[in-house]
Every structure is written in structure tokens, then in C-alpha cells.
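Q: Next up, model_6.cif (mmCIF, C-alpha atoms).
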```cif
data_query
loop_
_atom_site.label_atom_id
_atom_site.label_comp_id
_atom_site.auth_asym_id
_atom_site.auth_seq_id
_atom_site.Cartn_x
_atom_site.Cartn_y
_atom_site.Cartn_z
CA MET A 235 -104.18 12.83 -25.15
CA LYS A 236 -105.24 10.32 -27.84
CA GLY A 237 -103.72 12.38 -30.66
CA PHE A 238 -100.56 12.89 -28.65
CA THR A 239 -100.23 9.16 -28.01
CA ALA A 240 -101.00 8.25 -31.62
CA ALA A 241 -98.32 10.63 -32.90
CA ALA A 242 -95.76 9.14 -30.54
CA LEU A 243 -96.67 5.61 -31.60
CA ALA A 244 -96.22 6.55 -35.25
CA ALA A 245 -92.82 8.04 -34.53
CA LEU A 246 -91.73 4.89 -32.69
CA ALA A 247 -91.82 3.05 -36.02
CA LEU A 248 -89.07 5.21 -37.53
CA ALA A 249 -85.70 3.49 -38.01
CA ALA A 250 -82.36 5.21 -37.49
CA CYS A 251 -78.75 4.59 -36.52
CA GLN A 252 -77.65 3.93 -32.96
CA GLU A 253 -76.25 6.48 -30.56
CA ALA A 254 -73.93 5.94 -27.61
CA PRO A 255 -75.65 5.46 -24.22
CA PRO A 256 -76.18 8.79 -22.43
CA LYS A 257 -73.98 10.09 -19.65
CA PRO A 258 -75.60 11.37 -16.44
CA GLN A 259 -76.19 15.11 -16.20
CA SER A 260 -74.81 17.20 -13.41
CA GLY A 261 -77.13 18.88 -10.94
CA GLY A 262 -78.65 15.81 -9.35
CA LEU A 263 -81.01 14.98 -12.22
CA PHE A 264 -81.45 11.76 -14.13
CA PRO A 265 -79.42 10.81 -17.21
CA ASP A 266 -80.35 12.72 -20.33
CA VAL A 267 -80.62 11.01 -23.70
CA GLY A 268 -79.28 13.87 -25.75
CA THR A 269 -78.66 17.59 -25.77
CA TYR A 270 -82.11 19.09 -25.33
CA GLN A 271 -82.92 22.19 -27.33
CA PRO A 272 -86.39 23.80 -27.35
CA ALA A 273 -86.29 23.73 -31.14
CA ASN A 274 -90.06 23.58 -31.67
CA LEU A 275 -90.81 26.92 -30.04
CA PRO A 276 -91.28 29.88 -32.40
CA PRO A 277 -87.83 31.37 -33.15
CA LYS A 278 -88.81 34.78 -31.74
CA ALA A 279 -90.58 33.41 -28.67
CA GLN A 280 -89.53 35.06 -25.42
CA LEU A 281 -90.27 33.12 -22.23
CA THR A 282 -90.33 34.22 -18.63
CA PRO A 283 -88.69 31.88 -16.11
CA THR A 284 -92.18 30.65 -15.21
CA GLU A 285 -92.91 29.84 -18.87
CA VAL A 286 -89.58 28.02 -19.18
CA ARG A 287 -90.69 25.81 -16.29
CA TYR A 288 -94.02 25.22 -18.02
CA ASP A 289 -92.14 23.98 -21.08
CA LEU A 290 -89.90 21.78 -18.94
CA LEU A 291 -92.99 20.15 -17.43
CA VAL A 292 -94.26 19.33 -20.94
CA LYS A 293 -90.79 17.97 -21.76
CA LEU A 294 -90.94 15.74 -18.69
CA GLN A 295 -94.47 14.55 -19.49
CA THR A 296 -93.36 13.69 -23.02
CA GLU A 297 -90.39 11.68 -21.78
CA MET A 298 -92.60 9.84 -19.30
CA MET A 299 -95.18 9.07 -21.99
CA VAL A 300 -92.66 7.67 -24.48
CA THR A 301 -91.15 5.59 -21.68
CA GLY A 302 -94.60 4.29 -20.72
CA LEU A 303 -95.39 3.38 -24.32
CA SER A 304 -92.05 1.76 -25.09
CA CYS A 305 -90.54 0.09 -22.05
CA LYS A 306 -93.05 -2.52 -20.89
CA GLU A 307 -90.82 -5.45 -21.80
CA GLU A 308 -87.56 -3.81 -20.71
CA TYR A 309 -89.00 -3.10 -17.26
CA ALA A 310 -91.02 -6.34 -17.10
CA ASP A 311 -93.97 -4.14 -16.17
CA PRO A 312 -97.23 -4.82 -18.05
CA ILE A 313 -99.01 -1.83 -16.50
CA ILE A 314 -96.33 0.79 -17.03
CA PHE A 315 -98.49 2.95 -19.30
CA ARG A 316 -101.32 2.77 -16.78
CA THR A 317 -98.84 4.04 -14.19
CA PHE A 318 -97.98 6.96 -16.47
CA SER A 319 -101.67 7.70 -17.05
CA GLN A 320 -102.29 7.78 -13.30
CA TRP A 321 -99.39 10.21 -12.88
CA VAL A 322 -101.08 12.49 -15.43
CA VAL A 323 -104.38 12.22 -13.52
CA ASN A 324 -102.61 13.02 -10.25
CA ASN A 325 -101.17 16.19 -11.78
CA ASP A 326 -104.13 16.96 -14.03
CA ASP A 327 -104.86 20.50 -12.87
CA ARG A 328 -101.25 21.54 -13.13
CA ILE A 329 -100.74 19.93 -16.54
CA LEU A 330 -103.92 21.48 -17.98
CA ASP A 331 -102.97 24.91 -16.66
CA THR A 332 -99.51 24.52 -18.20
CA GLN A 333 -101.01 23.58 -21.54
CA ASP A 334 -103.33 26.60 -21.44
CA LYS A 335 -100.50 28.99 -20.60
CA LEU A 336 -98.20 27.63 -23.30
CA GLY A 337 -101.06 27.73 -25.82
CA ARG A 338 -101.48 31.43 -25.08
CA LEU A 339 -97.74 31.95 -25.46
CA LEU A 340 -97.68 30.19 -28.83
CA GLY A 341 -100.68 32.28 -29.91
CA LYS A 342 -98.58 35.43 -29.56
CA TYR A 343 -96.28 34.25 -32.35
CA ASN A 344 -98.52 32.12 -34.59
CA LYS A 345 -102.02 32.46 -35.92
CA GLY A 346 -104.57 29.94 -34.70
CA ASN A 347 -106.33 28.56 -31.66
CA GLY A 348 -104.04 28.28 -28.65
CA GLN A 349 -105.09 24.72 -27.81
CA ARG A 350 -104.47 23.56 -31.37
CA LEU A 351 -101.13 25.33 -31.47
CA PHE A 352 -100.15 23.61 -28.25
CA ASP A 353 -101.29 20.20 -29.53
CA THR A 354 -99.12 20.65 -32.62
CA TYR A 355 -96.18 21.77 -30.51
CA ARG A 356 -96.50 18.83 -28.12
CA THR A 357 -96.83 16.35 -30.99
CA LYS A 358 -93.56 17.61 -32.49
CA MET A 359 -91.88 17.21 -29.10
CA ALA A 360 -93.20 13.64 -28.83
CA ASN A 361 -91.96 12.84 -32.32
CA ASP A 362 -88.51 14.18 -31.46
CA GLU A 363 -88.37 12.09 -28.29
CA SER A 364 -89.47 8.93 -30.12
CA GLN A 365 -86.91 9.43 -32.86
CA ARG A 366 -84.25 9.98 -30.21
CA MET A 367 -85.14 6.61 -28.73
CA GLN A 368 -84.82 4.96 -32.13
CA ARG A 369 -81.38 6.46 -32.69
CA MET A 370 -79.99 5.10 -29.44
CA THR A 371 -82.07 1.85 -29.56
CA GLN A 372 -85.08 1.08 -27.42
CA VAL A 373 -83.10 -0.96 -24.89
CA ALA A 374 -80.58 1.84 -24.26
CA TYR A 375 -83.34 4.44 -24.08
CA CYS A 376 -85.37 2.48 -21.55
CA LEU A 377 -82.27 1.91 -19.44
CA ALA A 378 -81.53 5.64 -19.45
CA ARG A 379 -85.10 6.57 -18.50
CA LYS A 380 -85.68 3.85 -15.89
CA ASP A 381 -84.71 5.77 -12.74
CA GLN A 382 -86.49 8.91 -13.90
CA PHE A 383 -89.76 7.09 -14.55
CA ALA A 384 -89.63 5.14 -11.28
CA GLU A 385 -88.99 8.26 -9.21
CA VAL A 386 -91.11 10.88 -10.94
CA VAL A 387 -94.33 8.85 -10.74
CA LYS A 388 -93.96 8.99 -6.94
CA TYR A 389 -93.25 12.72 -6.70
CA THR A 390 -95.31 14.94 -4.44
CA PRO A 391 -96.16 18.38 -5.85
CA GLN A 392 -93.26 19.84 -3.87
CA GLN A 393 -90.83 17.25 -5.26
CA LEU A 394 -92.03 17.99 -8.78
CA ASP A 395 -91.36 21.68 -8.13
CA GLU A 396 -87.85 20.83 -6.99
CA TYR A 397 -87.26 18.74 -10.11
CA LEU A 398 -88.44 21.56 -12.37
CA ASN A 399 -86.29 24.08 -10.53
CA LYS A 400 -83.21 21.89 -11.02
CA SER A 401 -84.11 21.39 -14.68
CA TYR A 402 -84.50 25.13 -15.03
CA GLU A 403 -81.04 25.78 -13.60
CA LEU A 404 -79.52 23.34 -16.08
CA LEU A 405 -81.45 24.32 -19.20
CA HIS A 406 -82.78 27.86 -18.97
CA THR A 407 -79.89 29.35 -20.97
CA ARG A 408 -81.09 27.38 -24.00
CA TYR A 409 -84.26 29.49 -24.11
CA ASN A 410 -84.78 33.07 -25.23
CA GLU A 411 -85.56 34.13 -21.69
CA VAL A 412 -86.78 37.43 -20.32
CA GLY A 413 -87.52 38.59 -16.79
CA ALA A 414 -86.16 37.87 -13.33
CA LYS A 415 -84.50 34.51 -12.75
CA THR A 416 -85.59 34.22 -9.13
CA GLN A 417 -89.08 32.89 -9.83
CA THR A 418 -89.92 29.38 -8.67
CA ALA A 419 -92.22 26.71 -10.02
CA ALA A 420 -93.84 26.45 -6.61
CA ALA A 421 -95.01 30.07 -6.66
CA PRO A 422 -94.75 31.30 -10.27
CA THR A 423 -95.14 34.98 -11.02
CA ASP A 424 -94.53 36.60 -14.37
CA LYS A 425 -93.72 39.97 -12.82
CA ALA A 426 -91.55 40.56 -9.81
CA ALA A 427 -93.35 42.27 -6.98
CA ALA A 428 -92.51 45.95 -6.95
CA THR A 429 -90.71 47.14 -3.86
CA PRO A 430 -92.08 50.47 -2.62
CA ALA A 431 -89.56 53.25 -2.86
CA VAL A 432 -88.39 54.65 0.44
CA LYS A 433 -88.23 58.44 0.40
CA PRO A 434 -85.15 59.91 2.09
CA LYS A 435 -85.86 61.83 5.25
CA LYS A 436 -85.37 65.55 5.09
CA LYS A 437 -82.68 66.97 7.30
CA PRO A 438 -84.00 69.29 10.02
#
```
Can the structure from this file be put into C-alpha cells for me?
A:
Amino acid sequence: MKGFTAAALAALALAACQEAPPKPQSGGLFPDVGTYQPANLPPKAQLTPTEVRYDLLVKLQTEMMVTGLSCKEEYADPIIFRTFSQWVVNNDDRILDTQDKLGRLLGKYNKGNGQRLFDTYRTKMANDESQRMQRMTQVAYCLARKDQFAEVVKYTPQQLDEYLNKSYELLHTRYNEVGAKTQTAAAPTDKAAATPAVKPKKKP
């Protein structure tokens, strides 16, 4: 967590030109701050629908973290990062399991320890998010992320599942996806349950 936060803080110092404020997405989600592409995954990586949802949870955590680090003054909230940290604690088991699963996935395509591969992957995602904030200005970024941060920190596990399922429906075509598309974040399975074949009855 410390390395992740440090990398994001370093990226916040980068200067860039401004972007127009984001327009709300369709699908009942919060405004996006750009066209998300999972560009930091290995080019040949193939993800099941469950693994896509794992990645979308890391994306959400990254957005929440950058918001918590950057928007204290814009939200007039001196404990905003503490609020983010408590959200991580509340979802600790799920987040750690997600990190482990994505580390194993990355290990299929790159040499190295899965945890280290994941840390590198997550740091790149944090850098991208921080640079995105710089391009559109901190004030515009915080405005765009305000509703998301305020709502997501209050989510129950079921509400977080619903959020990830909506995100999946919007974004899954941007991944190199394999497997059935009926899996849910609430009950993830990498293989669809096999339906026993019914043998036709013999005619008398």
C-alpha cells in the first residue's frame, strides 16, 4: 500500500494540458474521466469474466485512492484519505483475494513473482489515473469523482457487486475476454457448471 501511494503521489506532480470536463456514462454509473482502456495488461492476456471484474475492482480502488489523496481541499474534508483507507479495510479480504488472483494471471504472461508483478501493474494504473487528473486539472477531476467517492465508501458487499456488474457490462468488450459472459461478481466461477446430458429414451 505504501509503494502504491508513493507512486501515485509522484505522478500527481506531473504537469500537463487541460482536458474538457467528463460527460456522464450511460448505465447508471458515475461520470468517467476518460476512455478507460486496460492498457497495462499483457497484450496477449486473456481474461475470464470473473477476472475482468477483478481488474475493474482494482480500477475502482485506484480511482478512490487518487481521489482520497488529491481532493481534501475540494471536498473540504480533512479526513478523506482516512475514509478511503477504512473502505480498503472494510473490503480487505476481497481486495487481497483480487490481488492474488490477478498476480497469478500476470504470472502466466510475464516472468517473476505474482505479487511483484501485480504491484508493478497497479502502480502503472495509479500513475495513469494521476496523470489523467493533471490533464483535466485537479478541480475538474475532484468534481467528476465526488459522487463516486461519496457513494462507494458506503457500499455494502452486494452494492459493490452490483457496481462491478454494471462496470463489466460497460467495459468488458475492451478486454481480450474468454469464457461465458453470465458470471457474476457475487458468485464468480471461472468455468460454467456442466449440465448433465439427458439420454433420449428408447422407443418400446
Q: Tell me which of A:Asn325, A:Asn274, A:Asn347, A:Asn361 sits closest to Tyr389 in chain A, counting all atoms listed in the file.
A: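 When distances to Tyr389 in chain A are compared using all atoms listed in the file, the smallest one comes from A:Asn325.
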Q: Just checking: using all atoms listed in the file, which residue out of A:Gln392, A:Ser401, A:Ser304, A:Thr282 ends up closest to Gln368 in chain A?
A: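 When distances to Gln368 in chain A are compared using all atoms listed in the file, the smallest one comes from A:Ser304.
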Q: Between CA of Arg379 in chain A and CA of Ala273 in chain A, what is the distance, to one decimal in Å?
A: 21.3 Å
Q: Applied to the shown file, which residues does the PyMOL selection byres ((chain A and resi 352-357) around 8) return, written as a PDB file with C-alpha atoms, keeping the file's coordinate frame?
A:
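Now in expr.pdb:
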```pdb
ATOM      1  CA  GLY A 237    -103.720  12.380 -30.660  1.00  0.00           C
ATOM      2  CA  PHE A 238    -100.560  12.890 -28.650  1.00  0.00           C
ATOM      3  CA  ALA A 241     -98.320  10.630 -32.900  1.00  0.00           C
ATOM      4  CA  ALA A 242     -95.760   9.140 -30.540  1.00  0.00           C
ATOM      5  CA  ASN A 274     -90.060  23.580 -31.670  1.00  0.00           C
ATOM      6  CA  LEU A 275     -90.810  26.920 -30.040  1.00  0.00           C
ATOM      7  CA  VAL A 292     -94.260  19.330 -20.940  1.00  0.00           C
ATOM      8  CA  THR A 296     -93.360  13.690 -23.020  1.00  0.00           C
ATOM      9  CA  GLN A 333    -101.010  23.580 -21.540  1.00  0.00           C
ATOM     10  CA  LEU A 336     -98.200  27.630 -23.300  1.00  0.00           C
ATOM     11  CA  GLY A 337    -101.060  27.730 -25.820  1.00  0.00           C
ATOM     12  CA  LEU A 340     -97.680  30.190 -28.830  1.00  0.00           C
ATOM     13  CA  GLY A 348    -104.040  28.280 -28.650  1.00  0.00           C
ATOM     14  CA  GLN A 349    -105.090  24.720 -27.810  1.00  0.00           C
ATOM     15  CA  ARG A 350    -104.470  23.560 -31.370  1.00  0.00           C
ATOM     16  CA  LEU A 351    -101.130  25.330 -31.470  1.00  0.00           C
ATOM     17  CA  LYS A 358     -93.560  17.610 -32.490  1.00  0.00           C
ATOM     18  CA  MET A 359     -91.880  17.210 -29.100  1.00  0.00           C
ATOM     19  CA  ALA A 360     -93.200  13.640 -28.830  1.00  0.00           C
ATOM     20  CA  ASN A 361     -91.960  12.840 -32.320  1.00  0.00           C
TER      21      ASN A 361
END
```
Q: When you count only C-alpha atoms, which of these residues is closest to Leu330 in chain A: A:Tyr288, A:Tyr409, A:Tyr397, A:Phe264?
A: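 The answer is A:Tyr288, which sits nearest to Leu330 in chain A.
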Q: Just say which residues the PyMOL selection byres ((chain A and resi 309-319) around 9) picks in this file, as a list in words.
A: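 Checking the PyMOL selection byres ((chain A and resi 309-319) around 9) against this file, the residues are Gln295, Met298, Met299, Thr301, Gly302, Leu303, Ser304, Cys305, Lys306, Glu307, Glu308, Gln320, Trp321, Val322, Val323, Asn324, Cys376, Leu377, Lys380, Phe383 and Val387 of chain A.
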Q: Rounded to one decimal place, report the CA of Met370 in chain A-CA of Asp289 in chain A distance in Å.
A: 24.0 Å
Q: Quick check, in Å to one decimal: how far apart do CA of Lys278 in chain A and CA of Glu363 in chain A lie?
A: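 Computing it gives 23.0 Å between the two atoms.
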